[in-house]
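What follows is one structure encoded as C-alpha cells, with my remarks underneath.
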Amino acid sequence: MERTVLAVVHNVTAATRLFDVLPILAEDDRVQVHFTCPESSPFHGQLAEYFSARQVTPIPWRLAVDTHFHLAIAASHGGPLHELKTPLIVLPHGMGYNKILDRKPETGNRKPETGNRKPVFGLSPEWLLHDGQVIASSLVLSHPEQLDRLQRSCPEAANVAVVAGDPSFDRMLASLPLRHLYREALDIAHSQRLIVISSTWGPASLYGRQPDLVERLSAELPLDDYAIAIALHPNTWSAHSPWQIRRWLESCTRSGVRVFPADEGWRAGLVAADLVIGDHGSVTFYAASLGRQIALAEAPHHTVDPTSAIGRFLTAASRLDSSQRLRPQVEKLLAHGQPSDIRELAELTTSVPLKSHALLRAEFYRLLNLPEPNTPAEAVTLPFPEIDAHTAVLQSVHVILGHDSDVMTATVTRFPAASVLHGRPLGDGAHLVVHTNEPSETALQLADIVVHDDPSETTEWLARTLASLPGAAVVTRPISDTAWLAGIRDGHQIRFDQAGAFGPACASIALTWAASGRRLCGFPERFDLIIGATRHHITAATTRCDC
C-alpha cells in the first residue's frame, strides 16, 4: 500500500461531512483509509452505531497517535489534533465558520483571544494554534469571505488556508434536477407544499427554545395542502438519545410530521422543500442558497460572528412571529419570492459551486505527494430518504357539499386533531376521524369515523367494529388499491371506487350526507371529491340498504 490516510471523526456531524469526501481517496487502490475518534466531543456517543452501520472498524486514538500515516483528515478542530504525527487537513462540518464558541478548547496551551473579540470556532487562535504553531497543514474554507476573517483573527493560519468550496452543498446542487423524485420519496403530493423545520443544537436553537413549534404549525395547516418535516442537529440526537428524541416528537409524528434521522435525509429535504423555517444553524442558510423561501423562528445574534455570512443572514432574513397565528405567515412567505438581499448573501456559501470534490482531491493528493487518478472527482447526488410518512392518527374533517353541472361536489378539509385529547373542541361542523395505527383508548371512544388502512374483505370487520365502538357513526377500510367499503351505523354500506388513498375522505362525505338528514339510499352514484388543490371523480354504490 503506497499511502495510508487517517480519518479523524469527532461526532456524527463531522462524520457525515467526511463521508462526503472520503470516497475521493478510498476508491483509489493505492490508498488505505483508517478511522479513529479522539473522544473529545461530548456528542461522540452515537459514533459506534454510525461506524457499525457503514462496516467501519475504528482504531483507538492512542494507537492512531502512535502510528505513522501519510495524511489525516478531520472535519472539526476539537481534541488534541496536535498530537498527530502526520500532515492534517481540516474541513468545516457546516456552512463555513460562523459560531462563537465561548468555552476553552479541550487542549491547553492554545493562544487565547485578545481584546474584546469573541472566538469564532474554526477561525480563532484557540482552535487553530498549539504553542503558537498552526496545527493543520491545510485549512479548508468554502469562500474567500472566510479567508478575510481568518486573516484578521489568526493571520498565522491564513498561510495554510485553501478555498475549496463546500462538498456537502455541491451534493445538494447536483441533486436539484431530481427534486421531484426526492418529493416522491418523502410521499409529498403534487398539490402539497413541503415545510422543513430545522434546528441546530443547544439552548439557543429553535428546538431548544420552541419545542412546541412543530406541533403548533401542524395543527394550523391542512393535511392535504401541506406536509411538514423536522430536521434536528445530530448533536441534539446524541445529547438526549434517539429514543428520547422520538418520544418527544411522538405527538408530531402521529400528526403526520416526517422526522429526518440524525445523519442523513435533511439535505434531500432541502432539495424537496418549498419553505424552510429555522435558526442560526447551517441548514437554514443552505436552504436559502438553494433558492428556498426561508424564515427564522429564532435568531440569536450573540451566538454567531456578526460579520460572518450567517451573522448577516440573521439580520436580513424574514422572521416567523411565534406569538401570532402561523398559517397566515406561512401563506405570505410562500406567496413571495426570495428577497434580493438574501440571494446575495446566499452566494457566500461557496465561491466554486460543483467544483469542491475536484479541488479537495487536488489538495489531498498534493499532501500525499501522489499523482491524482485519471477519473473525474465530482459530486454525486444525495441518497433518497427512507422515511415513513405516517398518516395523522387523529383528523378533524370538515365537508362542504355542493353541485357543479348536476354533479355533487364534496370539498374536504382535513387537519391533525391531536389537541382534541387535551379537551380542545373540533371546529364548527367538523367530525373526528381516527386511524387504527395505535390510537389512544380515548381517541377510539371519541371517533366519529374509524379507519383501518389495510385492505381486506371488510363486511364482517365493519359489523364487529361498529358493535365494539358504539360512539362511531362510520367505519371504513379498503378492499383493493382503489376501492373502499364504508359501514354506517344505521346498517347501510357504501362502496367507493376510484377512491385510492382518499377512501377515508369519502367516508366523511357519507357521514356528512347522512348528518344533513338525507337518506343514504339516495347517495349519488358519482361525485367529485375536491381535496387540497386536486379534484377526483369518484363512483359510489350502496351495497347494503336497510331503508
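By convention in this document, the chains of the C-alpha cells carry letters A, B, ... by their order, each chain's residues are numbered from 1, and ligands are numbered from 1 in the order they are shown.
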- Task: Per DSSP on the backbone, filter stretch 473-510 of chain A down to the residues in alpha helix (DSSP H) and report them as a list of chain:residue names.
- Result: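 Going through stretch 473-510 of chain A, the alpha helix (DSSP H) residues come out as A:Gly503, A:Pro504, A:Ala505, A:Cys506, A:Ala507, A:Ser508, A:Ile509, A:Ala510.
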For the residues in the current selection, export N, CA and C atoms as a PDB file, in the first residue's frame.
```
ATOM      1  N   GLY A 503     -60.149   7.119   0.407  1.00  0.00           N
ATOM      2  CA  GLY A 503     -61.294   6.400   0.957  1.00  0.00           C
ATOM      3  C   GLY A 503     -61.810   7.003   2.253  1.00  0.00           C
ATOM      4  N   PRO A 504     -60.938   7.360   3.197  1.00  0.00           N
ATOM      5  CA  PRO A 504     -61.431   7.975   4.431  1.00  0.00           C
ATOM      6  C   PRO A 504     -62.179   9.285   4.180  1.00  0.00           C
ATOM      7  N   ALA A 505     -61.726  10.074   3.199  1.00  0.00           N
ATOM      8  CA  ALA A 505     -62.442  11.305   2.875  1.00  0.00           C
ATOM      9  C   ALA A 505     -63.836  10.990   2.333  1.00  0.00           C
ATOM     10  N   CYS A 506     -63.956   9.911   1.567  1.00  0.00           N
ATOM     11  CA  CYS A 506     -65.262   9.511   1.056  1.00  0.00           C
ATOM     12  C   CYS A 506     -66.184   9.102   2.197  1.00  0.00           C
ATOM     13  N   ALA A 507     -65.639   8.409   3.201  1.00  0.00           N
ATOM     14  CA  ALA A 507     -66.450   8.057   4.368  1.00  0.00           C
ATOM     15  C   ALA A 507     -66.943   9.318   5.079  1.00  0.00           C
ATOM     16  N   SER A 508     -66.098  10.351   5.124  1.00  0.00           N
ATOM     17  CA  SER A 508     -66.513  11.624   5.729  1.00  0.00           C
ATOM     18  C   SER A 508     -67.656  12.257   4.948  1.00  0.00           C
ATOM     19  N   ILE A 509     -67.621  12.090   3.627  1.00  0.00           N
ATOM     20  CA  ILE A 509     -68.696  12.629   2.788  1.00  0.00           C
ATOM     21  C   ILE A 509     -70.004  11.898   3.085  1.00  0.00           C
ATOM     22  N   ALA A 510     -69.927  10.577   3.232  1.00  0.00           N
ATOM     23  CA  ALA A 510     -71.130   9.803   3.548  1.00  0.00           C
ATOM     24  C   ALA A 510     -71.698  10.222   4.897  1.00  0.00           C
TER      25      ALA A 510
END
```
- List every residue of stretch 264-382 of chain A that DSSP, applied to the backbone of this structure, places in strand (DSSP E or B), and write the result as a PyMOL selection string. chain A and resi 275-278+293-296+304+319
- Message: I'd like the neighbourhood of stretch 130-137 of chain A as a PyMOL selection string, where a residue qualifies if any of its atoms comes within 10 Å (using only C-alpha atoms), though same-chain residues fewer than 6 positions away should be ignored.
- Response: chain A and resi 71-74+77+80-84+86-90+107-111+154+156-161+367
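The smallest atom-to-atom distance between A:Leu348 and any of A:His143, A:His233, A:Arg62, A:Lys118, using only C-alpha atoms, is found for A:His143.
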- Can you work out which one of A:Glu39, A:Glu298, A:Asp263, A:Glu331 has the shortest atom-to-atom distance to A:Gly278, counting only C-alpha atoms? A:Glu298
- Item | Non-local contacts of A:Phe19 (10 Å; only C-alpha atoms; under 6 positions in same chain excluded) as a PyMOL selection string | chain A and resi 7+9+168
- Item | Distance criterion (only C-alpha atoms): nearest to A:Gly532 out of A:Tyr365, A:Trp513, A:Tyr207, A:Phe415 |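 Under the stated criterion, the closest residue is A:Phe415.
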- Pairwise distance for atom CA of A:Val65 and atom CA of A:Lys85, rounded to one decimal in Å: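 Straight-line distance from atom CA of A:Val65 to atom CA of A:Lys85 works out to 6.6 Å.
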- Task: For A:Ser318, work out the shell of residues within 12 Å, counting only C-alpha atoms and skipping chain neighbours fewer than 6 positions away, then give it as an MDAnalysis selection string.
- Result: chainID A and resid 275:279 284 288 293:299 329:330 332:334 336:339 341:342
Dump as an mmCIF file, in the first residue's frame, selection limited to C-alpha atoms:
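Everything below was put into out-v5.cif:
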```
data_model
loop_
_atom_site.group_PDB
_atom_site.id
_atom_site.type_symbol
_atom_site.label_atom_id
_atom_site.label_comp_id
_atom_site.auth_asym_id
_atom_site.auth_seq_id
_atom_site.Cartn_x
_atom_site.Cartn_y
_atom_site.Cartn_z
ATOM 1 C CA LEU A 275 -40.218 26.659 2.739
ATOM 2 C CA VAL A 276 -37.639 26.179 5.486
ATOM 3 C CA ILE A 277 -38.183 27.571 8.977
ATOM 4 C CA GLY A 278 -35.019 27.546 11.045
ATOM 5 C CA ASP A 279 -32.496 29.343 13.185
ATOM 6 C CA THR A 284 -31.319 27.355 7.113
ATOM 7 C CA ALA A 288 -31.586 29.933 1.172
ATOM 8 C CA GLN A 293 -38.017 30.561 0.819
ATOM 9 C CA ILE A 294 -36.893 30.810 4.452
ATOM 10 C CA ALA A 295 -37.986 32.290 7.761
ATOM 11 C CA LEU A 296 -36.225 32.416 11.114
ATOM 12 C CA ALA A 297 -38.116 31.302 14.198
ATOM 13 C CA GLU A 298 -35.030 32.052 16.299
ATOM 14 C CA ALA A 299 -32.152 34.410 15.538
ATOM 15 C CA GLN A 329 -47.420 33.918 7.905
ATOM 16 C CA VAL A 330 -46.646 30.703 6.021
ATOM 17 C CA LYS A 332 -47.494 35.086 2.938
ATOM 18 C CA LEU A 333 -43.974 33.683 2.799
ATOM 19 C CA LEU A 334 -44.896 31.194 0.085
ATOM 20 C CA HIS A 336 -43.450 35.933 -2.272
ATOM 21 C CA GLY A 337 -40.096 35.161 -3.853
ATOM 22 C CA GLN A 338 -36.787 35.204 -2.078
ATOM 23 C CA PRO A 339 -35.612 38.793 -1.355
ATOM 24 C CA ASP A 341 -30.503 40.663 -0.194
ATOM 25 C CA ILE A 342 -30.952 37.018 0.847
#
```
- Using only C-alpha atoms, find the one residue out of A:His68, A:Ala48, A:Ala515, A:Arg246 that sits nearest to A:Leu401. A:Ala515
- Tell me which protein, DNA and RNA residues are within 10 Å of A:Val451, counting only C-alpha atoms, leaving out same-chain ones fewer than 2 positions away, and put them as a PyMOL selection string. chain A and resi 393+433-437+447+449+453-454+474-478+486+503-504+507
Write to file, as a short mmCIF file (atom, residue, chain, number, x, y, z; two decimals), in the first residue's frame, the residues of the selection just made, with C-alpha atoms.
```cif
data_model
loop_
_atom_site.label_atom_id
_atom_site.label_comp_id
_atom_site.auth_asym_id
_atom_site.auth_seq_id
_atom_site.Cartn_x
_atom_site.Cartn_y
_atom_site.Cartn_z
CA VAL A 393 -53.86 9.26 13.54
CA VAL A 433 -61.63 10.60 12.09
CA VAL A 434 -59.38 8.14 13.93
CA HIS A 435 -57.00 5.71 12.21
CA THR A 436 -56.20 2.42 13.89
CA ASN A 437 -52.39 2.79 13.91
CA ALA A 447 -64.18 8.79 17.00
CA ILE A 449 -65.24 7.61 11.87
CA ASP A 453 -55.80 1.18 6.22
CA ASP A 454 -55.02 -2.49 5.45
CA VAL A 474 -68.96 5.14 10.29
CA VAL A 475 -66.13 2.63 9.91
CA THR A 476 -64.18 2.03 6.72
CA ARG A 477 -61.26 0.14 5.21
CA PRO A 478 -60.02 -0.60 1.66
CA ALA A 486 -67.79 2.08 4.47
CA GLY A 503 -61.29 6.40 0.96
CA PRO A 504 -61.43 7.98 4.43
CA ALA A 507 -66.45 8.06 4.37
#
```
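Here atom CA of A:Leu382 stands at a distance of 23.8 Å from atom CA of A:Gly256.
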- Mind checking which residues fall within 12 Å of A:Leu22, counting only C-alpha atoms, ignoring those fewer than 6 positions away in the same chain, and posting them as a PyMOL selection string? chain A and resi 5-9+15-16+28+31-35+72-75+91+167+357+360-361+364+377+379
Keeping only C-alpha atoms, write the selected residues to a file as a PDB file, in the first residue's frame.
```pdb
ATOM      1  CA  VAL A   5      -4.892   8.049   5.472  1.00  0.00           C
ATOM      2  CA  LEU A   6      -6.443   8.606   8.903  1.00  0.00           C
ATOM      3  CA  ALA A   7      -9.996   9.920   9.112  1.00  0.00           C
ATOM      4  CA  VAL A   8     -10.417  11.699  12.449  1.00  0.00           C
ATOM      5  CA  VAL A   9     -14.110  11.568  13.317  1.00  0.00           C
ATOM      6  CA  ALA A  15     -18.713  12.032  10.122  1.00  0.00           C
ATOM      7  CA  THR A  16     -21.364  12.975   7.569  1.00  0.00           C
ATOM      8  CA  ASP A  28      -8.006   4.540  -5.115  1.00  0.00           C
ATOM      9  CA  VAL A  31      -4.717   4.372  -0.605  1.00  0.00           C
ATOM     10  CA  GLN A  32      -5.937   2.732   2.624  1.00  0.00           C
ATOM     11  CA  VAL A  33      -8.244   4.758   4.907  1.00  0.00           C
ATOM     12  CA  HIS A  34      -8.336   4.136   8.656  1.00  0.00           C
ATOM     13  CA  PHE A  35     -10.702   5.705  11.179  1.00  0.00           C
ATOM     14  CA  ALA A  72      -5.037  12.837   8.423  1.00  0.00           C
ATOM     15  CA  ILE A  73      -8.413  14.365   7.552  1.00  0.00           C
ATOM     16  CA  ALA A  74     -10.757  15.915  10.124  1.00  0.00           C
ATOM     17  CA  ALA A  75     -13.983  17.892   9.959  1.00  0.00           C
ATOM     18  CA  LEU A  91     -12.662  20.738   6.651  1.00  0.00           C
ATOM     19  CA  PRO A 167     -18.755  19.332  -0.857  1.00  0.00           C
ATOM     20  CA  HIS A 357     -14.612  17.497  -4.877  1.00  0.00           C
ATOM     21  CA  LEU A 360     -10.280  18.786  -2.452  1.00  0.00           C
ATOM     22  CA  ARG A 361      -8.858  15.814  -4.298  1.00  0.00           C
ATOM     23  CA  PHE A 364      -5.411  15.626  -0.715  1.00  0.00           C
ATOM     24  CA  ALA A 377     -13.779  13.870  -8.999  1.00  0.00           C
ATOM     25  CA  ALA A 379     -20.296  15.492  -6.532  1.00  0.00           C
TER      26      ALA A 379
END
```
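Taking atom CA of A:Pro23 as the reference point, atom CA of A:Leu290 is found at 24.4 Å.
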